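So this block is query-v5.pdb, PDB, C-alpha atoms:
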```pdb
ATOM      1  CA  MET A   1     -16.098   9.781 -16.442  1.00  0.00           C
ATOM      2  CA  THR A   2     -16.166   6.038 -16.938  1.00  0.00           C
ATOM      3  CA  GLN A   3     -16.056   4.128 -20.159  1.00  0.00           C
ATOM      4  CA  ASP A   4     -17.029   0.613 -21.088  1.00  0.00           C
ATOM      5  CA  TRP A   5     -14.248  -1.236 -22.834  1.00  0.00           C
ATOM      6  CA  GLU A   6     -15.250  -3.407 -25.792  1.00  0.00           C
ATOM      7  CA  SER A   7     -18.877  -2.237 -25.218  1.00  0.00           C
ATOM      8  CA  SER A   8     -19.182  -4.539 -22.200  1.00  0.00           C
ATOM      9  CA  ALA A   9     -21.992  -3.801 -19.763  1.00  0.00           C
ATOM     10  CA  VAL A  10     -21.265  -4.297 -16.073  1.00  0.00           C
ATOM     11  CA  ALA A  11     -24.696  -3.579 -14.638  1.00  0.00           C
ATOM     12  CA  GLY A  12     -26.216  -6.460 -12.767  1.00  0.00           C
ATOM     13  CA  SER A  13     -23.009  -8.404 -12.206  1.00  0.00           C
ATOM     14  CA  TRP A  14     -23.135 -10.895  -9.368  1.00  0.00           C
ATOM     15  CA  LEU A  15     -19.686  -9.646  -8.201  1.00  0.00           C
ATOM     16  CA  HIS A  16     -17.320  -6.790  -8.979  1.00  0.00           C
ATOM     17  CA  ILE A  17     -13.527  -7.046  -8.943  1.00  0.00           C
ATOM     18  CA  ALA A  18     -11.721  -3.713  -9.008  1.00  0.00           C
ATOM     19  CA  PHE A  19      -8.030  -3.125  -9.691  1.00  0.00           C
ATOM     20  CA  VAL A  20      -6.846   0.296  -8.547  1.00  0.00           C
ATOM     21  CA  GLU A  21      -4.067   1.580 -10.820  1.00  0.00           C
ATOM     22  CA  PRO A  22      -2.849  -1.813 -12.088  1.00  0.00           C
ATOM     23  CA  ARG A  23       0.711  -1.802 -13.441  1.00  0.00           C
ATOM     24  CA  ILE A  24       1.342  -5.208 -15.056  1.00  0.00           C
ATOM     25  CA  PRO A  25      -0.545  -5.810 -18.319  1.00  0.00           C
ATOM     26  CA  GLN A  26      -0.394  -9.602 -18.069  1.00  0.00           C
ATOM     27  CA  ASN A  27      -2.185  -9.530 -14.698  1.00  0.00           C
ATOM     28  CA  THR A  28      -4.994  -7.472 -16.157  1.00  0.00           C
ATOM     29  CA  GLY A  29      -5.162  -9.785 -19.174  1.00  0.00           C
ATOM     30  CA  ASN A  30      -5.489 -12.764 -16.841  1.00  0.00           C
ATOM     31  CA  ALA A  31      -8.174 -10.935 -14.865  1.00  0.00           C
ATOM     32  CA  ILE A  32     -10.067 -10.287 -18.105  1.00  0.00           C
ATOM     33  CA  ARG A  33     -10.065 -14.035 -18.716  1.00  0.00           C
ATOM     34  CA  LEU A  34     -11.232 -14.569 -15.103  1.00  0.00           C
ATOM     35  CA  ALA A  35     -14.077 -12.088 -15.643  1.00  0.00           C
ATOM     36  CA  ALA A  36     -15.129 -13.878 -18.825  1.00  0.00           C
ATOM     37  CA  VAL A  37     -15.266 -17.369 -17.302  1.00  0.00           C
ATOM     38  CA  THR A  38     -16.928 -16.343 -14.024  1.00  0.00           C
ATOM     39  CA  GLY A  39     -19.305 -13.596 -15.126  1.00  0.00           C
ATOM     40  CA  VAL A  40     -17.884 -11.032 -12.703  1.00  0.00           C
ATOM     41  CA  ALA A  41     -17.403  -7.446 -13.785  1.00  0.00           C
ATOM     42  CA  LEU A  42     -13.806  -6.222 -13.824  1.00  0.00           C
ATOM     43  CA  HIS A  43     -13.254  -2.559 -13.019  1.00  0.00           C
ATOM     44  CA  LEU A  44      -9.961  -0.821 -13.756  1.00  0.00           C
ATOM     45  CA  VAL A  45      -9.262   2.467 -11.984  1.00  0.00           C
ATOM     46  CA  GLU A  46      -6.913   4.829 -13.833  1.00  0.00           C
ATOM     47  CA  PRO A  47      -4.163   5.621 -14.245  1.00  0.00           C
ATOM     48  CA  LEU A  48      -3.254   2.263 -15.756  1.00  0.00           C
ATOM     49  CA  GLY A  49       0.411   1.337 -16.130  1.00  0.00           C
ATOM     50  CA  PHE A  50      -0.210   0.228 -19.728  1.00  0.00           C
ATOM     51  CA  SER A  51      -2.650   0.507 -22.623  1.00  0.00           C
ATOM     52  CA  LEU A  52      -5.473  -2.029 -22.883  1.00  0.00           C
ATOM     53  CA  ASP A  53      -4.499  -2.393 -26.535  1.00  0.00           C
ATOM     54  CA  GLU A  54      -1.041  -3.719 -25.634  1.00  0.00           C
ATOM     55  CA  PRO A  55      -0.278  -7.157 -27.057  1.00  0.00           C
ATOM     56  CA  ARG A  56       0.655  -8.427 -23.558  1.00  0.00           C
ATOM     57  CA  VAL A  57      -2.859  -7.670 -22.283  1.00  0.00           C
ATOM     58  CA  LYS A  58      -4.462  -9.276 -25.322  1.00  0.00           C
ATOM     59  CA  ARG A  59      -2.194 -12.342 -25.176  1.00  0.00           C
ATOM     60  CA  ALA A  60      -2.848 -12.974 -21.474  1.00  0.00           C
ATOM     61  CA  GLY A  61      -6.596 -12.597 -21.990  1.00  0.00           C
ATOM     62  CA  LEU A  62      -6.530 -14.903 -25.034  1.00  0.00           C
ATOM     63  CA  ASP A  63      -9.758 -14.612 -26.983  1.00  0.00           C
ATOM     64  CA  TYR A  64     -11.888 -13.788 -23.928  1.00  0.00           C
ATOM     65  CA  HIS A  65     -11.875 -10.001 -24.307  1.00  0.00           C
ATOM     66  CA  ASP A  66     -15.253  -9.930 -26.079  1.00  0.00           C
ATOM     67  CA  LEU A  67     -16.761 -12.185 -23.405  1.00  0.00           C
ATOM     68  CA  ALA A  68     -15.621 -10.162 -20.392  1.00  0.00           C
ATOM     69  CA  ARG A  69     -17.363  -7.247 -18.748  1.00  0.00           C
ATOM     70  CA  VAL A  70     -14.679  -4.633 -18.200  1.00  0.00           C
ATOM     71  CA  GLN A  71     -15.147  -1.011 -17.270  1.00  0.00           C
ATOM     72  CA  VAL A  72     -12.451   1.642 -16.963  1.00  0.00           C
ATOM     73  CA  HIS A  73     -12.945   4.427 -14.402  1.00  0.00           C
ATOM     74  CA  ALA A  74     -11.116   7.746 -14.433  1.00  0.00           C
ATOM     75  CA  ASP A  75     -10.510   7.588 -10.681  1.00  0.00           C
ATOM     76  CA  LEU A  76     -11.740   6.025  -7.460  1.00  0.00           C
ATOM     77  CA  ALA A  77     -14.541   8.580  -7.103  1.00  0.00           C
ATOM     78  CA  ALA A  78     -15.919   7.477 -10.477  1.00  0.00           C
ATOM     79  CA  LEU A  79     -15.798   3.836  -9.368  1.00  0.00           C
ATOM     80  CA  TRP A  80     -17.730   4.646  -6.203  1.00  0.00           C
ATOM     81  CA  SER A  81     -20.241   6.719  -8.151  1.00  0.00           C
ATOM     82  CA  ASP A  82     -20.928   3.866 -10.568  1.00  0.00           C
ATOM     83  CA  LEU A  83     -20.998   0.990  -8.093  1.00  0.00           C
ATOM     84  CA  LEU A  84     -22.292   2.648  -4.932  1.00  0.00           C
ATOM     85  CA  PRO A  85     -24.613   5.430  -6.090  1.00  0.00           C
ATOM     86  CA  ALA A  86     -26.337   5.567  -2.704  1.00  0.00           C
ATOM     87  CA  GLY A  87     -23.027   5.998  -0.879  1.00  0.00           C
ATOM     88  CA  PRO A  88     -21.272   3.671   1.561  1.00  0.00           C
ATOM     89  CA  THR A  89     -23.221   0.837   3.078  1.00  0.00           C
ATOM     90  CA  GLU A  90     -24.238   1.011   6.692  1.00  0.00           C
ATOM     91  CA  GLU A  91     -24.560  -1.942   9.029  1.00  0.00           C
ATOM     92  CA  GLY A  92     -27.873  -3.660   8.414  1.00  0.00           C
ATOM     93  CA  ARG A  93     -28.576  -1.894   5.125  1.00  0.00           C
ATOM     94  CA  ASP A  94     -28.941  -3.884   1.930  1.00  0.00           C
ATOM     95  CA  GLY A  95     -26.339  -2.979  -0.649  1.00  0.00           C
ATOM     96  CA  PRO A  96     -22.908  -3.999  -1.804  1.00  0.00           C
ATOM     97  CA  SER A  97     -19.949  -4.184   0.537  1.00  0.00           C
ATOM     98  CA  VAL A  98     -16.452  -3.169  -0.497  1.00  0.00           C
ATOM     99  CA  TYR A  99     -13.702  -5.511   0.658  1.00  0.00           C
ATOM    100  CA  ALA A 100     -10.202  -4.073   0.400  1.00  0.00           C
ATOM    101  CA  PHE A 101      -7.543  -6.764   0.090  1.00  0.00           C
ATOM    102  CA  THR A 102      -4.320  -6.122   1.949  1.00  0.00           C
ATOM    103  CA  ALA A 103      -1.606  -8.327   3.376  1.00  0.00           C
ATOM    104  CA  HIS A 104      -1.864  -6.236   6.569  1.00  0.00           C
ATOM    105  CA  ALA A 105      -5.457  -7.188   7.482  1.00  0.00           C
ATOM    106  CA  GLU A 106      -6.325  -9.627  10.253  1.00  0.00           C
ATOM    107  CA  ARG A 107      -9.497 -11.184   8.774  1.00  0.00           C
ATOM    108  CA  TRP A 108      -9.229 -13.806   6.054  1.00  0.00           C
ATOM    109  CA  HIS A 109     -11.282 -13.712   2.876  1.00  0.00           C
ATOM    110  CA  THR A 110     -12.995 -16.914   4.030  1.00  0.00           C
ATOM    111  CA  ASP A 111     -14.270 -15.122   7.169  1.00  0.00           C
ATOM    112  CA  VAL A 112     -16.496 -12.849   5.083  1.00  0.00           C
ATOM    113  CA  ALA A 113     -20.072 -13.664   4.059  1.00  0.00           C
ATOM    114  CA  PHE A 114     -20.078 -12.374   0.483  1.00  0.00           C
ATOM    115  CA  ARG A 115     -23.320 -11.104  -1.027  1.00  0.00           C
ATOM    116  CA  PRO A 116     -24.329 -10.522  -4.637  1.00  0.00           C
ATOM    117  CA  GLY A 117     -22.990  -7.224  -5.948  1.00  0.00           C
ATOM    118  CA  ASP A 118     -20.076  -6.970  -3.504  1.00  0.00           C
ATOM    119  CA  VAL A 119     -16.840  -5.315  -4.604  1.00  0.00           C
ATOM    120  CA  LEU A 120     -13.411  -6.935  -4.174  1.00  0.00           C
ATOM    121  CA  LEU A 121     -10.831  -4.141  -4.249  1.00  0.00           C
ATOM    122  CA  PHE A 122      -7.156  -4.749  -5.072  1.00  0.00           C
ATOM    123  CA  GLY A 123      -4.216  -2.358  -5.329  1.00  0.00           C
ATOM    124  CA  PRO A 124      -1.318  -1.921  -7.718  1.00  0.00           C
ATOM    125  CA  GLU A 125       1.125  -4.802  -7.999  1.00  0.00           C
ATOM    126  CA  PRO A 126       4.213  -3.212  -6.504  1.00  0.00           C
ATOM    127  CA  THR A 127       2.585  -1.591  -3.470  1.00  0.00           C
ATOM    128  CA  GLY A 128      -0.979  -2.749  -2.837  1.00  0.00           C
ATOM    129  CA  LEU A 129      -3.707  -0.348  -1.798  1.00  0.00           C
ATOM    130  CA  SER A 130      -2.548   2.934  -0.286  1.00  0.00           C
ATOM    131  CA  GLU A 131      -3.468   3.859   3.282  1.00  0.00           C
ATOM    132  CA  GLU A 132      -5.685   6.574   1.823  1.00  0.00           C
ATOM    133  CA  VAL A 133      -7.709   4.028  -0.176  1.00  0.00           C
ATOM    134  CA  LEU A 134      -7.812   1.582   2.750  1.00  0.00           C
ATOM    135  CA  ALA A 135      -9.235   4.358   4.945  1.00  0.00           C
ATOM    136  CA  ASP A 136     -11.823   5.432   2.349  1.00  0.00           C
ATOM    137  CA  ARG A 137     -15.326   5.661   3.850  1.00  0.00           C
ATOM    138  CA  HIS A 138     -16.667   3.330   1.137  1.00  0.00           C
ATOM    139  CA  VAL A 139     -14.458   0.431   2.257  1.00  0.00           C
ATOM    140  CA  THR A 140     -16.533  -1.926   4.387  1.00  0.00           C
ATOM    141  CA  ASP A 141     -13.677  -4.096   5.621  1.00  0.00           C
ATOM    142  CA  ARG A 142     -10.024  -4.937   5.086  1.00  0.00           C
ATOM    143  CA  ILE A 143      -9.355  -8.609   4.437  1.00  0.00           C
ATOM    144  CA  ARG A 144      -6.487 -10.803   3.332  1.00  0.00           C
ATOM    145  CA  ILE A 145      -5.699 -14.106   1.731  1.00  0.00           C
ATOM    146  CA  PRO A 146      -3.664 -16.265   4.142  1.00  0.00           C
ATOM    147  CA  MET A 147      -0.035 -16.996   3.270  1.00  0.00           C
ATOM    148  CA  VAL A 148       2.974 -18.420   5.042  1.00  0.00           C
ATOM    149  CA  PRO A 149       4.807 -15.862   7.201  1.00  0.00           C
ATOM    150  CA  ASP A 150       7.387 -13.464   5.808  1.00  0.00           C
ATOM    151  CA  ARG A 151       6.011 -13.376   2.275  1.00  0.00           C
ATOM    152  CA  ARG A 152       5.071 -10.060   0.752  1.00  0.00           C
ATOM    153  CA  SER A 153       2.121 -10.868  -1.491  1.00  0.00           C
ATOM    154  CA  LEU A 154       0.451 -13.060  -4.072  1.00  0.00           C
ATOM    155  CA  ASN A 155       0.209 -12.257  -7.767  1.00  0.00           C
ATOM    156  CA  LEU A 156      -2.646  -9.814  -8.396  1.00  0.00           C
ATOM    157  CA  ALA A 157      -4.569 -11.972 -10.884  1.00  0.00           C
ATOM    158  CA  ASN A 158      -4.147 -15.024  -8.647  1.00  0.00           C
ATOM    159  CA  SER A 159      -5.467 -13.073  -5.660  1.00  0.00           C
ATOM    160  CA  ALA A 160      -8.513 -11.949  -7.621  1.00  0.00           C
ATOM    161  CA  ALA A 161      -9.152 -15.555  -8.694  1.00  0.00           C
ATOM    162  CA  ILE A 162      -8.834 -16.923  -5.160  1.00  0.00           C
ATOM    163  CA  ALA A 163     -11.188 -14.294  -3.739  1.00  0.00           C
ATOM    164  CA  GLY A 164     -13.614 -14.433  -6.646  1.00  0.00           C
ATOM    165  CA  TYR A 165     -13.986 -18.187  -6.478  1.00  0.00           C
ATOM    166  CA  GLU A 166     -14.519 -18.079  -2.709  1.00  0.00           C
ATOM    167  CA  ALA A 167     -17.340 -15.582  -3.272  1.00  0.00           C
ATOM    168  CA  ALA A 168     -18.730 -17.813  -6.051  1.00  0.00           C
ATOM    169  CA  ARG A 169     -18.606 -20.864  -3.760  1.00  0.00           C
ATOM    170  CA  GLN A 170     -20.435 -19.033  -1.005  1.00  0.00           C
ATOM    171  CA  LEU A 171     -23.097 -17.811  -3.433  1.00  0.00           C
ATOM    172  CA  GLY A 172     -23.661 -21.232  -4.981  1.00  0.00           C
ATOM    173  CA  PHE A 173     -21.631 -20.592  -8.146  1.00  0.00           C
ATOM    174  CA  PRO A 174     -24.189 -18.239  -9.726  1.00  0.00           C
ATOM    175  CA  GLY A 175     -24.572 -18.907 -13.432  1.00  0.00           C
ATOM    176  CA  PHE A 176     -21.832 -21.555 -13.412  1.00  0.00           C
ATOM    177  CA  ARG A 177     -22.276 -25.044 -14.787  1.00  0.00           C
TER     178      ARG A 177
END
```
Give the structure from this file in structure tokens form.
Amino acid sequence: MTQDWESSAVAGSWLHIAFVEPRIPQNTGNAIRLAAVTGVALHLVEPLGFSLDEPRVKRAGLDYHDLARVQVHADLAALWSDLLPAGPTEEGRDGPSVYAFTAHAERWHTDVAFRPGDVLLFGPEPTGLSEEVLADRHVTDRIRIPMVPDRRSLNLANSAAIAGYEAARQLGFPGFR
């Protein structure tokens, strides 16, 4: 069962950013601010490593909580059910793609042609997406954000911002001014 947080609707978003089991409240707070200023929908897949009422989440999100579209999902199956009701996309079929971000992918986020409604999927801060999630039939492709060699990962909120703004650039900054 999913629930809207702060009565925020996510239907019709130009892009969806999903955090699977996020652990650091400040990252989610920053992502809430990102969702508010870009118009993307932020999806949080439980279990969360914190409460959304925690002061650290509120402080990082400043006063943007009421402006962001955030939805909490009980599990990954609930996320898929809400965002991909027709099931996984097939080559040539219209519908959202799911891009799983992992430091172990070969393709860069700039190599993807994002479309409205796509889903950018990110894993928990300490580990990233599990092999099980990366192999999920709903995942269209694994992609990464380039970094210098021998570095583990970027901050989760920063990664979401980098990827989200690349999608916005490709789509002509929908709704931006």
Taking 6 positions as the minimum chain separation for residues in the same chain, which residues sit within 12 Å of Gly39 of chain A when counting all atoms listed in the file? Answer as a ChimeraX atom specification. /A:8-17,31-33,64,67-70,117,164-165,168,173-177
Hey, what's within 6 Å of Gly123 of chain A if we count all atoms listed in the file and toss same-chain stuff fewer than 6 positions away? As number ranges by chain, please? A: 19-20, 129
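Here atom CA of Val72 of chain A and atom CA of Glu46 of chain A stand 7.1 Å from one another.
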Once 6 Å is added on each side, what centre and edge lengths in Å to one decimal does the axis-aligned box around all listed atoms of segment 33-46 of chain A have, as JSON?
```
{"center_x": -13.1, "center_y": -6.3, "center_z": -15.4, "size_x": 24.4, "size_y": 34.2, "size_z": 18.8}
```
Find the residues near Glu106 of chain A: any atom within 8 Å, counting all atoms listed in the file, skip ones fewer than 5 places away on the same chain, and give them as number ranges by chain. A: 142-144
Output segment 148-164 of chain A as a tab-separated table (two decimals), in the frame of the given file, making sure N, CA and C atoms are there.
```tsv
chain	number	residue	atom	x	y	z
A	148	VAL	N	1.96	-18.10	4.04
A	148	VAL	CA	2.97	-18.42	5.04
A	148	VAL	C	3.64	-17.12	5.48
A	149	PRO	N	4.19	-17.09	6.69
A	149	PRO	CA	4.81	-15.86	7.20
A	149	PRO	C	5.98	-15.39	6.34
A	150	ASP	N	6.24	-14.11	6.44
A	150	ASP	CA	7.39	-13.46	5.81
A	150	ASP	C	7.35	-13.48	4.29
A	151	ARG	N	6.16	-13.52	3.72
A	151	ARG	CA	6.01	-13.38	2.28
A	151	ARG	C	5.24	-12.09	2.03
A	152	ARG	N	5.64	-11.38	1.00
A	152	ARG	CA	5.07	-10.06	0.75
A	152	ARG	C	3.65	-10.12	0.21
A	153	SER	N	3.45	-10.87	-0.89
A	153	SER	CA	2.12	-10.87	-1.49
A	153	SER	C	1.99	-11.95	-2.56
A	154	LEU	N	0.75	-12.19	-2.95
A	154	LEU	CA	0.45	-13.06	-4.07
A	154	LEU	C	0.39	-12.23	-5.35
A	155	ASN	N	0.42	-12.90	-6.48
A	155	ASN	CA	0.21	-12.26	-7.77
A	155	ASN	C	-1.21	-11.67	-7.79
A	156	LEU	N	-1.37	-10.51	-8.39
A	156	LEU	CA	-2.65	-9.81	-8.40
A	156	LEU	C	-3.76	-10.63	-9.03
A	157	ALA	N	-3.53	-11.18	-10.22
A	157	ALA	CA	-4.57	-11.97	-10.88
A	157	ALA	C	-4.90	-13.23	-10.08
A	158	ASN	N	-3.89	-13.85	-9.48
A	158	ASN	CA	-4.15	-15.02	-8.65
A	158	ASN	C	-4.99	-14.66	-7.43
A	159	SER	N	-4.69	-13.52	-6.82
A	159	SER	CA	-5.47	-13.07	-5.66
A	159	SER	C	-6.92	-12.84	-6.03
A	160	ALA	N	-7.15	-12.20	-7.17
A	160	ALA	CA	-8.51	-11.95	-7.62
A	160	ALA	C	-9.24	-13.27	-7.87
A	161	ALA	N	-8.54	-14.25	-8.43
A	161	ALA	CA	-9.15	-15.56	-8.69
A	161	ALA	C	-9.50	-16.27	-7.39
A	162	ILE	N	-8.59	-16.27	-6.45
A	162	ILE	CA	-8.83	-16.92	-5.16
A	162	ILE	C	-10.06	-16.31	-4.48
A	163	ALA	N	-10.08	-14.99	-4.40
A	163	ALA	CA	-11.19	-14.29	-3.74
A	163	ALA	C	-12.49	-14.45	-4.52
A	164	GLY	N	-12.41	-14.32	-5.82
A	164	GLY	CA	-13.61	-14.43	-6.65
A	164	GLY	C	-14.25	-15.80	-6.56
```
